Amino acid sequence: MIERHALLQSLQTLLQPERFKDYCHNGLQVEGRTDIRHLVSGVTASEALIQAAIDCGADAILVHHGLFWKGFDGQVSGWMRKRLSLLLSHDINLFAYHLPLDAHPELGNNAQLGRLLGLQAHASFGEQSLGLLGTTLSGGWESDAALAQHVEAALGRSVTLVSGRVGPVSQVGWCTGGAQGYFEPAIAAGAQVFITGEISEPQAHYARECGVSYIACGHHASERYGAPAVASKMATDFGIRHTFIDIPNPA
């Protein structure tokens with residue numbers, strides 16, 4: 001068992017949210033019971049995740065995408081009312097960390113995706129240095145298509161490849177989630193292929209015109225790894241139970 005405030009302090013110390021300019025409140029978003037024995041992790045604080053946490057007897061939930069973002073008008077109705085009602089009526093704590101959970105050098109979404117893909121980062125790029133540039137000990141891939149197939153196999157889903165690179169791939173840039181805006185900094189940093197979750201209209205043109213390929217592998221799919229990695233560390237450190245619940249999302 002761990003007391004809520006002690007868990008919060010451990011998360012704050014580990015993830016250092018004060019280092020980031022973010023779009024949301026990082027930390028405890030909804031207060032629940034004081035004592036925590038079972039921590040659930042997931043990507044987004046959706047109604048489905050909250051209900052699944054209730055069903056398995058969780059005392060707290062740790063997510064990457066919480067409930068409160070800049071621009072929230074303060075109206076508790078519709079989907080927001082449903083989610084808050086479930087949390088409050090079952091006395092469940094909600095912890096949420098956005099950019100700090102992307103950026104942690106070992107447990108964060110970017111580090112964990114790199115580990116899954118067999119990439120070793122040697123540099124960072126982009127706003128707040130969130131993007132990573134790295135290589136693989138296997139020597140790389142014979143083409144961007146071969147790398148795309150590798151990503152598909154690792155994540156268990158199809159990806160979108162816009163081919164720009166001709167020839168072998170050894171330098172890969174990546175940034176999880178909706179990091180379309182990191183493509184140009186990745187190009188400037190020397191990436192031959194850039195991997196992220198989403199793609200918008202301009203990136204296809206940049207890929208073809210700059211000779212750097214772009215792989216969009218899904219926002220949710222690229223960010224399934226940070227929250228459970230952090231929650232697993234908390235469970236090990238404090239002797240509490242941890243369950244990762246992955247709510248399917250095609251985006």
# chains A, B, ... in the order shown; residues from 1 in each chain; ligands from 1

$ residues_around --residues "Val43 of chain A" --least-positions-apart "5" --cutoff "7 Å" --atoms "only C-alpha atoms" --output "ChimeraX atom specification"
/A:63-65,223-224,227

$ residues_around --residues "Gly27 of chain A" --least-positions-apart "5" --cutoff "9 Å" --atoms "only C-alpha atoms" --output "mmCIF file with all heavy atoms, in the first residue's frame"
data_model
loop_
_atom_site.group_PDB
_atom_site.id
_atom_site.type_symbol
_atom_site.label_atom_id
_atom_site.label_comp_id
_atom_site.auth_asym_id
_atom_site.auth_seq_id
_atom_site.Cartn_x
_atom_site.Cartn_y
_atom_site.Cartn_z
ATOM 1 N N LEU A 8 2.054 10.507 -5.502
ATOM 2 C CA LEU A 8 2.149 11.735 -6.302
ATOM 3 C C LEU A 8 3.557 12.301 -6.256
ATOM 4 O O LEU A 8 4.129 12.671 -7.291
ATOM 5 C CB LEU A 8 1.141 12.768 -5.809
ATOM 6 C CG LEU A 8 1.221 14.154 -6.463
ATOM 7 C CD1 LEU A 8 0.971 14.059 -7.966
ATOM 8 C CD2 LEU A 8 0.227 15.102 -5.817
ATOM 9 N N LEU A 11 5.904 10.261 -8.414
ATOM 10 C CA LEU A 11 5.684 10.517 -9.830
ATOM 11 C C LEU A 11 6.254 11.870 -10.239
ATOM 12 O O LEU A 11 6.873 12.006 -11.307
ATOM 13 C CB LEU A 11 4.186 10.452 -10.144
ATOM 14 C CG LEU A 11 3.560 9.052 -10.093
ATOM 15 C CD1 LEU A 11 2.034 9.154 -10.140
ATOM 16 C CD2 LEU A 11 4.059 8.188 -11.246
ATOM 17 N N GLN A 12 6.062 12.872 -9.390
ATOM 18 C CA GLN A 12 6.573 14.209 -9.691
ATOM 19 C C GLN A 12 8.107 14.197 -9.743
ATOM 20 O O GLN A 12 8.712 14.812 -10.626
ATOM 21 C CB GLN A 12 6.101 15.208 -8.632
ATOM 22 C CG GLN A 12 4.600 15.420 -8.561
ATOM 23 C CD GLN A 12 4.050 16.221 -9.718
ATOM 24 O OE1 GLN A 12 3.487 15.677 -10.670
ATOM 25 N NE2 GLN A 12 4.210 17.524 -9.647
ATOM 26 N N PRO A 17 7.561 17.328 -14.085
ATOM 27 C CA PRO A 17 6.682 18.113 -14.964
ATOM 28 C C PRO A 17 7.010 19.593 -15.006
ATOM 29 O O PRO A 17 6.660 20.276 -15.984
ATOM 30 C CB PRO A 17 5.290 17.871 -14.372
ATOM 31 C CG PRO A 17 5.534 17.458 -12.965
ATOM 32 C CD PRO A 17 6.809 16.674 -12.988
ATOM 33 N N LEU A 94 -7.071 9.897 -10.220
ATOM 34 C CA LEU A 94 -6.611 9.958 -11.604
ATOM 35 C C LEU A 94 -5.340 10.790 -11.667
ATOM 36 O O LEU A 94 -5.344 11.987 -11.346
ATOM 37 C CB LEU A 94 -7.666 10.572 -12.522
ATOM 38 C CG LEU A 94 -7.217 10.762 -13.979
ATOM 39 C CD1 LEU A 94 -6.974 9.408 -14.655
ATOM 40 C CD2 LEU A 94 -8.238 11.574 -14.771
ATOM 41 N N PHE A 95 -4.255 10.149 -12.078
ATOM 42 C CA PHE A 95 -2.980 10.824 -12.324
ATOM 43 C C PHE A 95 -2.762 10.887 -13.839
ATOM 44 O O PHE A 95 -2.960 9.878 -14.537
ATOM 45 C CB PHE A 95 -1.819 10.062 -11.689
ATOM 46 C CG PHE A 95 -1.903 9.926 -10.197
ATOM 47 C CD1 PHE A 95 -2.517 8.813 -9.612
ATOM 48 C CD2 PHE A 95 -1.367 10.892 -9.371
ATOM 49 C CE1 PHE A 95 -2.583 8.675 -8.230
ATOM 50 C CE2 PHE A 95 -1.432 10.765 -7.986
ATOM 51 C CZ PHE A 95 -2.043 9.657 -7.412
ATOM 52 N N ALA A 96 -2.336 12.043 -14.347
ATOM 53 C CA ALA A 96 -2.110 12.190 -15.784
ATOM 54 C C ALA A 96 -0.819 12.960 -16.034
ATOM 55 O O ALA A 96 -0.574 13.993 -15.403
ATOM 56 C CB ALA A 96 -3.286 12.911 -16.436
ATOM 57 N N TYR A 97 -0.015 12.447 -16.945
ATOM 58 C CA TYR A 97 1.231 13.114 -17.339
ATOM 59 C C TYR A 97 1.338 13.083 -18.857
ATOM 60 O O TYR A 97 1.321 12.003 -19.464
ATOM 61 C CB TYR A 97 2.443 12.424 -16.706
ATOM 62 C CG TYR A 97 2.515 12.627 -15.211
ATOM 63 C CD1 TYR A 97 1.885 11.734 -14.341
ATOM 64 C CD2 TYR A 97 3.179 13.724 -14.674
ATOM 65 C CE1 TYR A 97 1.930 11.932 -12.962
ATOM 66 C CE2 TYR A 97 3.224 13.925 -13.297
ATOM 67 C CZ TYR A 97 2.600 13.030 -12.446
ATOM 68 O OH TYR A 97 2.643 13.227 -11.091
#

$ closest_residue --among "A:Ser41, A:Ala103, A:Gly126, A:Ser200" --to "Ile247 of chain A" --atoms "only C-alpha atoms"
A:Ser41

$ select_by_dssp --residues "segment 63-213 of chain A" --states "helix (DSSP H, G or I)" --output "PyMOL selection string"
chain A and resi 78-89+99-103+109-117+127-129+144-155+180-189+201-210

$ residues_around --residues "Ser222 of chain A" --least-positions-apart "6" --cutoff "8 Å" --atoms "only C-alpha atoms" --output "ChimeraX atom specification"
/A:109,113,155,176-177,196-197

$ write_last_selection --atoms "all heavy atoms" --output "PDB file, in the first residue's frame"
ATOM      1  N   ASN A 109       7.330   7.495 -23.376  1.00  0.00           N
ATOM      2  CA  ASN A 109       6.803   6.950 -24.626  1.00  0.00           C
ATOM      3  C   ASN A 109       7.861   6.888 -25.722  1.00  0.00           C
ATOM      4  O   ASN A 109       7.965   5.891 -26.449  1.00  0.00           O
ATOM      5  CB  ASN A 109       5.626   7.798 -25.113  1.00  0.00           C
ATOM      6  CG  ASN A 109       4.364   7.538 -24.328  1.00  0.00           C
ATOM      7  OD1 ASN A 109       4.029   6.399 -24.021  1.00  0.00           O
ATOM      8  ND2 ASN A 109       3.641   8.599 -23.986  1.00  0.00           N
ATOM      9  N   LEU A 113       9.197   3.395 -27.184  1.00  0.00           N
ATOM     10  CA  LEU A 113       8.995   3.055 -28.592  1.00  0.00           C
ATOM     11  C   LEU A 113      10.336   2.747 -29.252  1.00  0.00           C
ATOM     12  O   LEU A 113      10.447   1.793 -30.041  1.00  0.00           O
ATOM     13  CB  LEU A 113       8.293   4.198 -29.328  1.00  0.00           C
ATOM     14  CG  LEU A 113       8.026   3.940 -30.821  1.00  0.00           C
ATOM     15  CD1 LEU A 113       7.075   2.749 -31.010  1.00  0.00           C
ATOM     16  CD2 LEU A 113       7.460   5.182 -31.503  1.00  0.00           C
ATOM     17  N   LEU A 155       4.373  -3.219 -33.720  1.00  0.00           N
ATOM     18  CA  LEU A 155       3.177  -2.618 -33.132  1.00  0.00           C
ATOM     19  C   LEU A 155       1.913  -3.433 -33.370  1.00  0.00           C
ATOM     20  O   LEU A 155       0.880  -3.175 -32.749  1.00  0.00           O
ATOM     21  CB  LEU A 155       2.975  -1.194 -33.678  1.00  0.00           C
ATOM     22  CG  LEU A 155       4.090  -0.186 -33.380  1.00  0.00           C
ATOM     23  CD1 LEU A 155       3.700   1.197 -33.894  1.00  0.00           C
ATOM     24  CD2 LEU A 155       4.402  -0.132 -31.896  1.00  0.00           C
ATOM     25  N   THR A 176       6.564  10.234 -30.543  1.00  0.00           N
ATOM     26  CA  THR A 176       5.270   9.560 -30.484  1.00  0.00           C
ATOM     27  C   THR A 176       4.099  10.534 -30.540  1.00  0.00           C
ATOM     28  O   THR A 176       4.240  11.733 -30.320  1.00  0.00           O
ATOM     29  CB  THR A 176       5.151   8.722 -29.198  1.00  0.00           C
ATOM     30  OG1 THR A 176       5.180   9.595 -28.065  1.00  0.00           O
ATOM     31  CG2 THR A 176       6.283   7.707 -29.099  1.00  0.00           C
ATOM     32  N   GLY A 177       2.916   9.983 -30.823  1.00  0.00           N
ATOM     33  CA  GLY A 177       1.681  10.755 -30.769  1.00  0.00           C
ATOM     34  C   GLY A 177       1.448  11.629 -31.986  1.00  0.00           C
ATOM     35  O   GLY A 177       1.740  11.257 -33.110  1.00  0.00           O
ATOM     36  N   THR A 196       6.185   8.761 -36.385  1.00  0.00           N
ATOM     37  CA  THR A 196       5.324   9.348 -35.368  1.00  0.00           C
ATOM     38  C   THR A 196       3.954   8.688 -35.445  1.00  0.00           C
ATOM     39  O   THR A 196       3.772   7.709 -36.170  1.00  0.00           O
ATOM     40  CB  THR A 196       5.233  10.884 -35.521  1.00  0.00           C
ATOM     41  OG1 THR A 196       4.533  11.419 -34.395  1.00  0.00           O
ATOM     42  CG2 THR A 196       4.523  11.282 -36.803  1.00  0.00           C
ATOM     43  N   GLY A 197       2.990   9.245 -34.697  1.00  0.00           N
ATOM     44  CA  GLY A 197       1.682   8.623 -34.672  1.00  0.00           C
ATOM     45  C   GLY A 197       0.773   9.039 -35.810  1.00  0.00           C
ATOM     46  O   GLY A 197       0.049   8.212 -36.365  1.00  0.00           O
TER      47      GLY A 197
END

$ residues_around --residues "Thr13 of chain A" --least-positions-apart "4" --cutoff "12 Å" --atoms "only C-alpha atoms" --output "ChimeraX atom specification"
/A:6-9,17-19,27,100,104,230,234

$ select_by_dssp --residues "segment 23-210 of chain A" --states "strand (DSSP E or B)" --output "PyMOL selection string"
chain A and resi 24+27-30+35-36+38-44+60-65+69+93-96+120-125+131-135+141+160-162+169+172-174+193-196

$ closest_residue --among "A:His38, A:His150, A:His25, A:His5" --to "Ile240 of chain A" --atoms "only C-alpha atoms"
A:His38

$ atom_distance --atom1 "atom CA of Asp102 of chain A" --atom2 "atom CA of Gly226 of chain A"
7.0 Å

$ closest_residue --among "A:Val76, A:Val212, A:Ile50, A:Leu62" --to "Ala235 of chain A" --atoms "only C-alpha atoms"
A:Leu62

$ closest_residue --among "A:Val193, A:Ala216, A:Ile54, A:Ala148" --to "Gly173 of chain A" --atoms "only C-alpha atoms"
A:Val193

$ residues_around --residues "Thr236 of chain A" --least-positions-apart "4" --cutoff "12 Å" --atoms "only C-alpha atoms" --output "number ranges by chain"
A: 1-2, 37-39, 228-232, 240-242

$ write_last_selection --atoms "N, CA, C and O atoms" --output "mmCIF file, in the first residue's frame"
data_model
loop_
_atom_site.group_PDB
_atom_site.id
_atom_site.type_symbol
_atom_site.label_atom_id
_atom_site.label_comp_id
_atom_site.auth_asym_id
_atom_site.auth_seq_id
_atom_site.Cartn_x
_atom_site.Cartn_y
_atom_site.Cartn_z
ATOM 1 N N MET A 1 0.838 -1.192 0.000
ATOM 2 C CA MET A 1 0.000 0.000 0.000
ATOM 3 C C MET A 1 0.879 1.251 0.000
ATOM 4 O O MET A 1 1.949 1.258 0.601
ATOM 5 N N ILE A 2 0.421 2.305 -0.691
ATOM 6 C CA ILE A 2 1.090 3.595 -0.653
ATOM 7 C C ILE A 2 0.035 4.688 -0.509
ATOM 8 O O ILE A 2 -1.061 4.585 -1.076
ATOM 9 N N ARG A 37 -3.635 0.574 -3.321
ATOM 10 C CA ARG A 37 -3.105 -0.785 -3.358
ATOM 11 C C ARG A 37 -3.027 -1.325 -4.777
ATOM 12 O O ARG A 37 -2.245 -2.222 -5.052
ATOM 13 N N HIS A 38 -3.864 -0.795 -5.661
ATOM 14 C CA HIS A 38 -3.946 -1.291 -7.039
ATOM 15 C C HIS A 38 -3.958 -0.107 -7.995
ATOM 16 O O HIS A 38 -4.863 0.731 -7.960
ATOM 17 N N LEU A 39 -2.944 -0.024 -8.836
ATOM 18 C CA LEU A 39 -2.784 1.055 -9.804
ATOM 19 C C LEU A 39 -3.013 0.510 -11.207
ATOM 20 O O LEU A 39 -2.372 -0.452 -11.619
ATOM 21 N N PRO A 228 2.393 2.308 -18.736
ATOM 22 C CA PRO A 228 2.623 1.052 -18.015
ATOM 23 C C PRO A 228 4.051 0.896 -17.509
ATOM 24 O O PRO A 228 4.279 0.260 -16.472
ATOM 25 N N ALA A 229 5.025 1.480 -18.223
ATOM 26 C CA ALA A 229 6.406 1.396 -17.750
ATOM 27 C C ALA A 229 6.579 2.157 -16.441
ATOM 28 O O ALA A 229 7.202 1.669 -15.492
ATOM 29 N N VAL A 230 5.998 3.363 -16.364
ATOM 30 C CA VAL A 230 6.086 4.161 -15.140
ATOM 31 C C VAL A 230 5.291 3.501 -14.016
ATOM 32 O O VAL A 230 5.760 3.402 -12.873
ATOM 33 N N ALA A 231 4.078 3.040 -14.330
ATOM 34 C CA ALA A 231 3.245 2.403 -13.307
ATOM 35 C C ALA A 231 3.893 1.132 -12.786
ATOM 36 O O ALA A 231 3.808 0.822 -11.589
ATOM 37 N N SER A 232 4.542 0.385 -13.659
ATOM 38 C CA SER A 232 5.225 -0.836 -13.233
ATOM 39 C C SER A 232 6.362 -0.514 -12.264
ATOM 40 O O SER A 232 6.578 -1.240 -11.285
ATOM 41 N N ILE A 240 2.864 -2.429 -4.655
ATOM 42 C CA ILE A 240 1.440 -2.392 -4.968
ATOM 43 C C ILE A 240 1.189 -3.162 -6.258
ATOM 44 O O ILE A 240 2.113 -3.495 -6.994
ATOM 45 N N ARG A 241 -0.074 -3.425 -6.530
ATOM 46 C CA ARG A 241 -0.456 -4.165 -7.732
ATOM 47 C C ARG A 241 -0.606 -3.207 -8.907
ATOM 48 O O ARG A 241 -1.064 -2.074 -8.748
ATOM 49 N N HIS A 242 -0.211 -3.652 -10.092
ATOM 50 C CA HIS A 242 -0.345 -2.846 -11.303
ATOM 51 C C HIS A 242 -0.990 -3.667 -12.410
ATOM 52 O O HIS A 242 -0.625 -4.822 -12.643
#

$ residues_around --residues "Asp55 of chain A" --least-positions-apart "2" --cutoff "12 Å" --atoms "only C-alpha atoms" --output "list in words"
His38, Val40, Ala48, Leu49, Ile50, Gln51, Ala52, Ala53, Gly57, Ala58, Asp59, Leu86, His90, Ile92, Thr243 and Ile245 of chain A

$ atom_distance --atom1 "atom CA of Gly218 of chain A" --atom2 "atom CA of Ser77 of chain A"
28.8 Å

$ residues_around --residues "Pro185 of chain A" --least-positions-apart "5" --cutoff "9 Å" --atoms "only C-alpha atoms" --output "number ranges by chain"
A: 125-127, 131, 190

$ write_last_selection --atoms "N, CA, C and O atoms" --output "compact mmCIF listing (two decimals), in the first residue's frame"
# COMPACT_ATOMS: atom_id res chain seq x y z
N PHE A 125 15.88 16.49 -30.84
CA PHE A 125 15.59 17.62 -31.72
C PHE A 125 14.18 18.12 -31.43
O PHE A 125 13.40 17.46 -30.74
N GLY A 126 13.85 19.26 -32.00
CA GLY A 126 12.49 19.79 -31.92
C GLY A 126 12.21 20.55 -30.64
O GLY A 126 13.05 20.64 -29.74
N GLU A 127 11.01 21.10 -30.56
CA GLU A 127 10.59 21.89 -29.42
C GLU A 127 10.71 21.08 -28.13
O GLU A 127 10.27 19.93 -28.05
N GLY A 131 11.85 15.17 -29.68
CA GLY A 131 12.15 14.21 -30.73
C GLY A 131 13.50 13.54 -30.50
O GLY A 131 14.43 14.13 -29.95
N GLY A 190 18.96 15.40 -39.51
CA GLY A 190 19.63 14.35 -40.26
C GLY A 190 18.89 13.04 -40.37
O GLY A 190 19.47 12.03 -40.81

$ atom_distance --atom1 "atom CA of Glu3 of chain A" --atom2 "atom CA of Tyr225 of chain A"
24.9 Å

$ decode --residues "segment 126-142 of chain A" --atoms "N, CA and C atoms" --output "PDB file, in the first residue's frame"
ATOM      1  N   GLY A 126      13.848  19.263 -32.000  1.00  0.00           N
ATOM      2  CA  GLY A 126      12.489  19.789 -31.920  1.00  0.00           C
ATOM      3  C   GLY A 126      12.212  20.549 -30.641  1.00  0.00           C
ATOM      4  N   GLU A 127      11.011  21.100 -30.560  1.00  0.00           N
ATOM      5  CA  GLU A 127      10.586  21.888 -29.415  1.00  0.00           C
ATOM      6  C   GLU A 127      10.710  21.075 -28.127  1.00  0.00           C
ATOM      7  N   GLN A 128      11.321  21.648 -27.129  1.00  0.00           N
ATOM      8  CA  GLN A 128      11.578  21.026 -25.831  1.00  0.00           C
ATOM      9  C   GLN A 128      12.378  19.725 -25.945  1.00  0.00           C
ATOM     10  N   SER A 129      13.074  19.568 -27.089  1.00  0.00           N
ATOM     11  CA  SER A 129      13.946  18.404 -27.330  1.00  0.00           C
ATOM     12  C   SER A 129      13.215  17.083 -27.150  1.00  0.00           C
ATOM     13  N   LEU A 130      11.957  17.018 -27.581  1.00  0.00           N
ATOM     14  CA  LEU A 130      11.170  15.806 -27.411  1.00  0.00           C
ATOM     15  C   LEU A 130      11.477  14.740 -28.461  1.00  0.00           C
ATOM     16  N   GLY A 131      11.855  15.168 -29.676  1.00  0.00           N
ATOM     17  CA  GLY A 131      12.155  14.211 -30.726  1.00  0.00           C
ATOM     18  C   GLY A 131      13.501  13.536 -30.497  1.00  0.00           C
ATOM     19  N   LEU A 132      13.608  12.271 -30.919  1.00  0.00           N
ATOM     20  CA  LEU A 132      14.849  11.519 -30.766  1.00  0.00           C
ATOM     21  C   LEU A 132      15.383  11.079 -32.123  1.00  0.00           C
ATOM     22  N   LEU A 133      16.693  11.079 -32.242  1.00  0.00           N
ATOM     23  CA  LEU A 133      17.375  10.618 -33.453  1.00  0.00           C
ATOM     24  C   LEU A 133      18.280   9.475 -33.059  1.00  0.00           C
ATOM     25  N   GLY A 134      18.194   8.366 -33.801  1.00  0.00           N
ATOM     26  CA  GLY A 134      18.993   7.221 -33.407  1.00  0.00           C
ATOM     27  C   GLY A 134      19.256   6.243 -34.530  1.00  0.00           C
ATOM     28  N   THR A 135      19.968   5.197 -34.177  1.00  0.00           N
ATOM     29  CA  THR A 135      20.347   4.142 -35.103  1.00  0.00           C
ATOM     30  C   THR A 135      20.014   2.801 -34.463  1.00  0.00           C
ATOM     31  N   THR A 136      20.235   1.744 -35.205  1.00  0.00           N
ATOM     32  CA  THR A 136      20.008   0.402 -34.695  1.00  0.00           C
ATOM     33  C   THR A 136      21.294  -0.409 -34.785  1.00  0.00           C
ATOM     34  N   LEU A 137      21.517  -1.268 -33.804  1.00  0.00           N
ATOM     35  CA  LEU A 137      22.719  -2.101 -33.798  1.00  0.00           C
ATOM     36  C   LEU A 137      22.694  -3.151 -34.901  1.00  0.00           C
ATOM     37  N   SER A 138      21.500  -3.389 -35.470  1.00  0.00           N
ATOM     38  CA  SER A 138      21.380  -4.402 -36.529  1.00  0.00           C
ATOM     39  C   SER A 138      21.922  -3.914 -37.858  1.00  0.00           C
ATOM     40  N   GLY A 139      22.284  -2.641 -37.932  1.00  0.00           N
ATOM     41  CA  GLY A 139      22.856  -2.116 -39.172  1.00  0.00           C
ATOM     42  C   GLY A 139      21.881  -1.357 -40.029  1.00  0.00           C
ATOM     43  N   GLY A 140      20.620  -1.285 -39.640  1.00  0.00           N
ATOM     44  CA  GLY A 140      19.647  -0.520 -40.405  1.00  0.00           C
ATOM     45  C   GLY A 140      18.769  -1.393 -41.280  1.00  0.00           C
ATOM     46  N   TRP A 141      18.096  -0.764 -42.232  1.00  0.00           N
ATOM     47  CA  TRP A 141      17.162  -1.438 -43.116  1.00  0.00           C
ATOM     48  C   TRP A 141      17.506  -1.146 -44.558  1.00  0.00           C
ATOM     49  N   GLU A 142      17.194  -2.076 -45.426  1.00  0.00           N
ATOM     50  CA  GLU A 142      17.568  -1.909 -46.829  1.00  0.00           C
ATOM     51  C   GLU A 142      16.748  -0.844 -47.533  1.00  0.00           C
TER      52      GLU A 142
END
